$ cat entry.txt   # compact mmCIF, C-alpha atoms
# COMPACT_ATOMS: atom_id res chain seq x y z
CA MET G 1 0.00 0.00 0.00
CA GLY G 2 2.85 2.35 0.86
CA LYS G 3 4.45 1.83 -2.55
CA LEU G 4 1.14 2.51 -4.29
CA LEU G 5 0.72 5.76 -2.37
CA HIS G 6 4.29 6.75 -3.23
CA VAL G 7 3.68 6.10 -6.93
CA GLU G 8 0.42 8.08 -6.95
CA TRP G 9 1.99 10.95 -5.04
CA TYR G 10 4.95 11.00 -7.42
CA LYS G 11 2.57 11.17 -10.39
CA LEU G 12 0.70 14.07 -8.79
CA VAL G 13 3.82 16.08 -7.97
CA ARG G 14 5.11 15.58 -11.53
CA ASP G 15 1.77 16.46 -13.11
CA LYS G 16 2.17 19.89 -14.74
CA ILE G 17 -1.58 20.11 -15.36
CA TYR G 18 -2.23 20.09 -11.62
CA TRP G 19 0.12 23.00 -10.92
CA ILE G 20 -1.19 24.96 -13.89
CA LEU G 21 -4.77 24.44 -12.73
CA LEU G 22 -3.78 25.48 -9.19
CA ALA G 23 -2.39 28.75 -10.57
CA VAL G 24 -5.43 29.26 -12.81
CA ILE G 25 -7.80 28.80 -9.84
CA VAL G 26 -5.93 31.46 -7.85
CA LEU G 27 -5.92 33.81 -10.85
CA VAL G 28 -9.62 33.30 -11.62
CA ASN G 29 -10.58 33.97 -8.01
CA LEU G 30 -8.44 37.11 -7.95
CA ILE G 31 -10.20 38.37 -11.09
CA ILE G 32 -13.66 37.55 -9.71
CA LEU G 33 -12.97 39.34 -6.43
CA SER G 34 -10.98 42.23 -7.88
CA GLY G 35 -14.01 44.52 -8.13
CA GLY G 36 -15.26 43.85 -4.62
CA GLN G 37 -14.23 44.73 -1.09
CA GLN G 38 -13.31 41.23 0.06
CA PHE G 39 -9.63 42.03 0.50
CA SER G 40 -10.49 44.87 2.88
CA LEU G 41 -12.24 42.43 5.22
CA SER G 42 -10.75 40.96 8.35
CA GLY G 43 -9.43 37.41 8.16
CA TYR G 44 -12.51 36.05 9.94
CA SER G 45 -14.95 37.92 7.67
CA PHE G 46 -13.05 36.79 4.58
CA LEU G 47 -13.41 33.18 5.75
CA LYS G 48 -17.16 33.67 6.17
CA ASN G 49 -17.49 35.15 2.68
CA ILE G 50 -15.12 33.14 0.50
CA MET G 51 -16.34 29.63 1.28
CA GLN G 52 -19.79 30.60 0.02
CA LYS G 53 -18.27 31.58 -3.36
CA GLU G 54 -16.40 28.34 -4.09
CA VAL G 55 -18.78 26.89 -6.68
CA ILE G 56 -16.61 27.87 -9.66
CA THR G 57 -13.51 26.54 -7.92
CA ILE G 58 -15.24 23.23 -7.17
CA MET G 59 -16.25 22.84 -10.81
CA MET G 60 -12.71 23.60 -11.98
CA ALA G 61 -11.37 21.07 -9.49
CA SER G 62 -13.81 18.50 -10.92
CA ILE G 63 -12.10 18.90 -14.28
CA TYR G 64 -8.91 17.64 -12.67
CA GLY G 65 -10.84 14.64 -11.37
CA GLY G 66 -11.42 13.58 -14.96
CA LEU G 67 -7.79 14.12 -15.88
CA PHE G 68 -6.15 12.50 -12.84
CA VAL G 69 -8.59 9.64 -12.27
CA GLY G 70 -10.44 9.17 -15.55
CA ARG G 71 -7.20 9.25 -17.54
CA ASP G 72 -5.78 6.29 -15.60
CA PHE G 73 -8.89 4.26 -16.34
CA GLU G 74 -8.91 5.27 -19.99
CA ASP G 75 -5.26 4.40 -20.67
CA GLY G 76 -5.34 1.23 -18.54
CA THR G 77 -2.80 2.32 -15.90
CA LEU G 78 -4.87 1.02 -12.99
CA TYR G 79 -5.37 -2.32 -14.70
CA HIS G 80 -1.62 -2.71 -15.21
CA GLU G 81 -1.11 -2.24 -11.46
CA ILE G 82 -3.71 -4.93 -10.75
CA THR G 83 -2.18 -7.42 -13.17
CA ALA G 84 1.17 -6.74 -11.47
CA GLY G 85 -0.24 -8.35 -8.32
CA ARG G 86 -1.90 -5.48 -6.44
CA SER G 87 -5.42 -5.92 -5.09
CA ARG G 88 -8.14 -3.84 -6.68
CA ILE G 89 -9.15 -2.25 -3.37
CA GLN G 90 -5.56 -1.22 -2.59
CA VAL G 91 -5.11 0.31 -6.04
CA LEU G 92 -8.41 2.20 -5.81
CA LEU G 93 -7.77 3.35 -2.24
CA ALA G 94 -4.29 4.70 -3.05
CA LYS G 95 -5.65 6.56 -6.08
CA THR G 96 -8.55 7.92 -4.02
CA ILE G 97 -6.38 9.17 -1.13
CA VAL G 98 -3.96 11.08 -3.37
CA PHE G 99 -6.76 12.43 -5.56
CA LEU G 100 -8.72 13.75 -2.56
CA LEU G 101 -5.59 15.41 -1.18
CA ALA G 102 -5.03 17.03 -4.57
CA LEU G 103 -8.67 18.13 -4.76
CA ASN G 104 -8.52 19.76 -1.33
CA GLY G 105 -5.40 21.60 -2.43
CA LEU G 106 -7.25 22.99 -5.45
CA ILE G 107 -10.35 24.01 -3.49
CA LEU G 108 -8.67 25.40 -0.36
CA ILE G 109 -5.58 27.11 -1.78
CA PHE G 110 -7.23 30.46 -2.50
CA PRO G 111 -9.28 30.68 0.73
CA LEU G 112 -6.17 29.92 2.79
CA LEU G 113 -4.06 32.51 0.94
CA GLY G 114 -6.86 35.08 1.23
CA ILE G 115 -7.35 34.48 4.95
CA ILE G 116 -3.60 34.86 5.58
CA TYR G 117 -3.45 38.06 3.50
CA CYS G 118 -6.52 39.66 5.09
CA THR G 119 -5.43 38.71 8.61
CA LEU G 120 -1.96 40.21 8.11
CA LYS G 121 -3.41 43.34 6.47
CA ASN G 122 -6.61 43.92 8.44
CA GLY G 123 -6.37 41.71 11.51
CA TRP G 124 -8.49 38.71 12.48
CA GLY G 125 -11.55 40.84 13.23
CA ILE G 126 -12.88 39.27 16.43
CA PRO G 127 -11.30 38.47 19.82
CA PHE G 128 -9.32 35.24 19.62
CA THR G 129 -10.76 33.36 22.59
CA ALA G 130 -9.41 30.19 24.19
CA GLY G 131 -11.83 27.93 22.30
CA MET G 132 -11.41 29.64 18.94
CA GLU G 133 -8.49 27.49 17.78
CA PHE G 134 -10.48 24.28 18.33
CA TYR G 135 -13.49 25.71 16.52
CA LEU G 136 -11.35 26.74 13.53
CA LEU G 137 -9.68 23.31 13.52
CA PHE G 138 -13.11 21.65 13.40
CA VAL G 139 -14.17 24.03 10.60
CA PHE G 140 -11.06 23.14 8.59
CA ILE G 141 -11.58 19.40 9.08
CA ALA G 142 -15.24 19.80 8.08
CA PHE G 143 -14.18 21.61 4.89
CA VAL G 144 -11.67 18.86 4.06
CA LEU G 145 -14.18 16.04 4.61
CA LEU G 146 -16.95 17.81 2.69
CA ASN G 147 -14.52 18.41 -0.17
CA CYS G 148 -13.67 14.70 -0.06
CA ALA G 149 -17.37 13.88 -0.40
CA ILE G 150 -17.58 16.21 -3.40
CA GLY G 151 -14.46 14.63 -4.92
CA MET G 152 -15.85 11.13 -4.51
CA ILE G 153 -18.48 12.00 -7.11
CA SER G 154 -15.67 12.26 -9.67
CA MET G 155 -14.15 9.01 -8.40
CA LEU G 156 -17.45 7.16 -8.75
CA ALA G 157 -17.96 8.61 -12.23
CA ALA G 158 -14.46 7.46 -13.23
CA VAL G 159 -15.08 3.93 -11.96
CA CYS G 160 -18.48 3.69 -13.65
CA PHE G 161 -17.62 5.20 -17.05
CA ARG G 162 -13.82 4.77 -17.24
CA ASP G 163 -13.13 7.67 -19.60
CA VAL G 164 -12.05 11.29 -19.22
CA GLY G 165 -15.02 13.00 -20.89
CA ARG G 166 -17.78 11.52 -18.77
CA THR G 167 -15.67 11.67 -15.59
CA ILE G 168 -15.52 15.43 -16.11
CA GLY G 169 -19.01 15.95 -17.48
CA ILE G 170 -21.19 13.88 -15.12
CA PRO G 171 -19.98 15.55 -11.87
CA ILE G 172 -20.38 19.03 -13.38
CA ILE G 173 -23.95 18.21 -14.44
CA LEU G 174 -24.68 16.90 -10.93
CA PHE G 175 -23.22 20.06 -9.40
CA PHE G 176 -25.50 22.20 -11.56
CA ILE G 177 -28.48 20.15 -10.38
CA MET G 178 -27.40 20.55 -6.75
CA ILE G 179 -26.98 24.32 -7.21
CA MET G 180 -30.50 24.53 -8.64
CA LEU G 181 -31.83 22.60 -5.63
CA LEU G 182 -29.90 24.87 -3.25
CA ASN G 183 -31.51 27.93 -4.85
CA GLY G 184 -35.00 26.49 -4.80
CA LYS G 185 -37.92 26.44 -2.37
CA TYR G 186 -36.41 23.78 -0.11
CA ALA G 187 -32.83 25.09 -0.21
CA ILE G 188 -32.22 24.86 3.55
CA GLN G 189 -33.47 21.28 3.71
CA TYR G 190 -31.26 20.21 0.79
CA ALA G 191 -28.26 22.08 2.23
CA HIS G 192 -28.40 19.91 5.35
CA PHE G 193 -27.57 16.72 3.46
CA LEU G 194 -25.77 17.86 0.29
CA PRO G 195 -22.01 18.39 0.87
CA ILE G 196 -21.82 21.45 -1.36
CA GLY G 197 -24.65 23.06 0.62
CA MET G 198 -23.19 22.06 3.97
CA LEU G 199 -20.02 24.02 3.12
CA ALA G 200 -22.07 27.22 3.26
CA LEU G 201 -23.90 26.22 6.47
CA VAL G 202 -20.65 25.43 8.28
CA THR G 203 -19.10 28.66 7.01
CA ASN G 204 -21.88 30.95 8.20
CA GLY G 205 -22.25 29.15 11.51
CA THR G 206 -25.75 27.81 10.88
CA VAL G 207 -24.59 24.32 11.88
CA HIS G 208 -21.70 23.17 14.06
CA PRO G 209 -18.66 21.99 12.06
CA VAL G 210 -18.91 18.55 13.72
CA TYR G 211 -22.14 18.02 11.75
CA GLY G 212 -20.25 18.93 8.58
CA MET G 213 -17.49 16.48 9.52
CA LEU G 214 -20.07 13.73 10.05
CA LEU G 215 -21.91 14.43 6.79
CA GLY G 216 -18.67 14.59 4.79
CA SER G 217 -17.44 11.33 6.32
CA ILE G 218 -20.69 9.49 5.59
CA TRP G 219 -20.91 10.66 1.97
CA SER G 220 -17.22 9.88 1.38
CA ALA G 221 -17.49 6.41 2.88
CA VAL G 222 -20.70 5.51 1.03
CA LEU G 223 -19.40 6.73 -2.34
CA PHE G 224 -16.08 4.92 -1.85
CA VAL G 225 -17.83 1.65 -0.97
CA ILE G 226 -20.00 1.96 -4.09
CA SER G 227 -16.92 2.77 -6.19
CA ALA G 228 -15.06 -0.22 -4.74
CA LEU G 229 -17.97 -2.57 -5.45
CA VAL G 230 -18.20 -1.35 -9.05
CA PHE G 231 -14.42 -1.55 -9.52
CA ARG G 232 -14.26 -5.11 -8.18
CA GLN G 233 -16.70 -6.19 -10.90
CA ALA G 234 -15.10 -4.12 -13.67
CA GLU G 235 -13.69 -6.02 -16.60
CA LEU G 236 -9.93 -5.61 -16.95
CA ARG G 237 -8.88 -4.13 -20.27
$ encode --input "entry.txt" --output "structure tokens"
Amino acid sequence: MGKLLHVEWYKLVRDKIYWILLAVIVLVNLIILSGGQQFSLSGYSFLKNIMQKEVITIMMASIYGGLFVGRDFEDGTLYHEITAGRSRIQVLLAKTIVFLLALNGLILIFPLLGIIYCTLKNGWGIPFTAGMEFYLLFVFIAFVLLNCAIGMISMLAAVCFRDVGRTIGIPIILFFIMIMLLNGKYAIQYAHFLPIGMLALVTNGTVHPVYGMLLGSIWSAVLFVISALVFRQAELR
């Protein structure tokens, strides 16, 4: 398992597309926010604002899901690892772990840079109490786990369709559907069980981050189990 993780991590670090997309995401967010007052906010206020504007970033990160995961299915890389003696679950788990780490990097890079900048420039904005560090740690973990749940949609699409085009397209279509639901009559109800909606609820303090951690963990686990079941039955080619 350790060798599989090392191989996947090496492929990620050497992947120029990932670093280009990381830079593009930062640039796009800078352009989007350039006409507003977000960079005059305190670090805490910037955190509250930016995580509710991550839809474009999430969709751009989904494109990388098709390239990093779908590409390996399309060119047969994963199947070569299996025929070399690795178990299917180990191969899928290693790919999933590295992909979800990469996805979190893409989604969280700009918010983290913005929070650091605004805090250094304008201060944190509220008194930093004794329990604040634990709350922020829980918020961060909730963001990571919810992002993992979002990323598992791309993983499941890759396992089911095994090509780049549909691994990119299907998650983006699903995200559009979720956004429509989150702007509809029952938006609050949907937000409580859709990971992309829970990001906003955790950010604005409507729900405790522990709930976000729990929801993200459940969605991630369920989608991985489904992906593993599909992958175990997939025909090697």
$ residues_around --input "entry.txt" --residues "Ala23 in chain G" --least-positions-apart "4" --cutoff "12 Å" --atoms "all atoms listed in the file" --output "list in words"
Lys16, Ile17, Tyr18, Trp19, Leu27, Val28, Asn29, Leu30, Thr57, Met60, Ala61, Gly105, Leu106, Ile107, Ile109 and Phe110 of chain G
$ closest_residue --input "entry.txt" --among "G:Phe224, G:Trp124, G:Trp9, G:Tyr186" --to "Ser154 in chain G" --atoms "only C-alpha atoms"
G:Phe224
$ closest_residue --input "entry.txt" --among "G:His208, G:Lys95, G:Arg166, G:Lys121" --to "His6 in chain G" --atoms "only C-alpha atoms"
G:Lys95
$ closest_residue --input "entry.txt" --among "G:Ile168, G:Leu103, G:Ile188, G:Leu78" --to "Phe143 in chain G" --atoms "all atoms listed in the file"
G:Leu103
$ residues_around --input "entry.txt" --residues "range 67-70 of chain G" --least-positions-apart "6" --cutoff "7 Å" --atoms "only C-alpha atoms" --output "count of residues only"
6
$ closest_residue --input "entry.txt" --among "G:Gly76, G:Gly184, G:Gly114, G:Gly151" --to "Pro171 in chain G" --atoms "all atoms listed in the file"
G:Gly151
$ residues_around --input "entry.txt" --residues "Leu41 in chain G" --least-positions-apart "5" --cutoff "10 Å" --atoms "all atoms listed in the file" --output "PyMOL selection string"
chain G and resi 46-47+49+114-115+117-119+121-125
$ write_last_selection --input "entry.txt" --atoms "C-alpha atoms" --output "mmCIF file, in the coordinates of the input"
data_model
loop_
_atom_site.group_PDB
_atom_site.id
_atom_site.type_symbol
_atom_site.label_atom_id
_atom_site.label_comp_id
_atom_site.auth_asym_id
_atom_site.auth_seq_id
_atom_site.Cartn_x
_atom_site.Cartn_y
_atom_site.Cartn_z
ATOM 1 C CA PHE G 46 -13.050 36.790 4.580
ATOM 2 C CA LEU G 47 -13.410 33.180 5.750
ATOM 3 C CA ASN G 49 -17.490 35.150 2.680
ATOM 4 C CA GLY G 114 -6.860 35.080 1.230
ATOM 5 C CA ILE G 115 -7.350 34.480 4.950
ATOM 6 C CA TYR G 117 -3.450 38.060 3.500
ATOM 7 C CA CYS G 118 -6.520 39.660 5.090
ATOM 8 C CA THR G 119 -5.430 38.710 8.610
ATOM 9 C CA LYS G 121 -3.410 43.340 6.470
ATOM 10 C CA ASN G 122 -6.610 43.920 8.440
ATOM 11 C CA GLY G 123 -6.370 41.710 11.510
ATOM 12 C CA TRP G 124 -8.490 38.710 12.480
ATOM 13 C CA GLY G 125 -11.550 40.840 13.230
#
$ atom_distance --input "entry.txt" --atom1 "CA of Ile218 in chain G" --atom2 "CA of Arg86 in chain G"
26.9 Å
$ atom_distance --input "entry.txt" --atom1 "CA of Cys148 in chain G" --atom2 "CA of Leu194 in chain G"
12.5 Å
$ closest_residue --input "entry.txt" --among "G:Tyr211, G:Phe176, G:Tyr190, G:Phe161" --to "Val139 in chain G" --atoms "only C-alpha atoms"
G:Tyr211
$ atom_distance --input "entry.txt" --atom1 "CA of Phe73 in chain G" --atom2 "CA of Ala94 in chain G"
14.1 Å
$ closest_residue --input "entry.txt" --among "G:Met178, G:Leu201, G:Leu145, G:Ile126" --to "Asn104 in chain G" --atoms "all atoms listed in the file"
G:Leu145
$ axis_aligned_box --input "entry.txt" --around "range 54-68 of chain G" --padding-each-side "4 Å" --output "JSON"
{"center_x": -12.5, "center_y": 20.4, "center_z": -10.0, "size_x": 20.6, "size_y": 23.8, "size_z": 19.8}
$ decode --input "entry.txt" --residues "range 30-45 of chain G" --atoms "C-alpha atoms" --output "tab-separated table (two decimals), in the first residue's frame"
chain	number	residue	atom	x	y	z
G	30	LEU	CA	-8.44	37.11	-7.95
G	31	ILE	CA	-10.20	38.37	-11.09
G	32	ILE	CA	-13.66	37.55	-9.71
G	33	LEU	CA	-12.97	39.34	-6.43
G	34	SER	CA	-10.98	42.23	-7.88
G	35	GLY	CA	-14.01	44.52	-8.13
G	36	GLY	CA	-15.26	43.85	-4.62
G	37	GLN	CA	-14.23	44.73	-1.09
G	38	GLN	CA	-13.31	41.23	0.06
G	39	PHE	CA	-9.63	42.03	0.50
G	40	SER	CA	-10.49	44.87	2.88
G	41	LEU	CA	-12.24	42.43	5.22
G	42	SER	CA	-10.75	40.96	8.35
G	43	GLY	CA	-9.43	37.41	8.16
G	44	TYR	CA	-12.51	36.05	9.94
G	45	SER	CA	-14.95	37.92	7.67
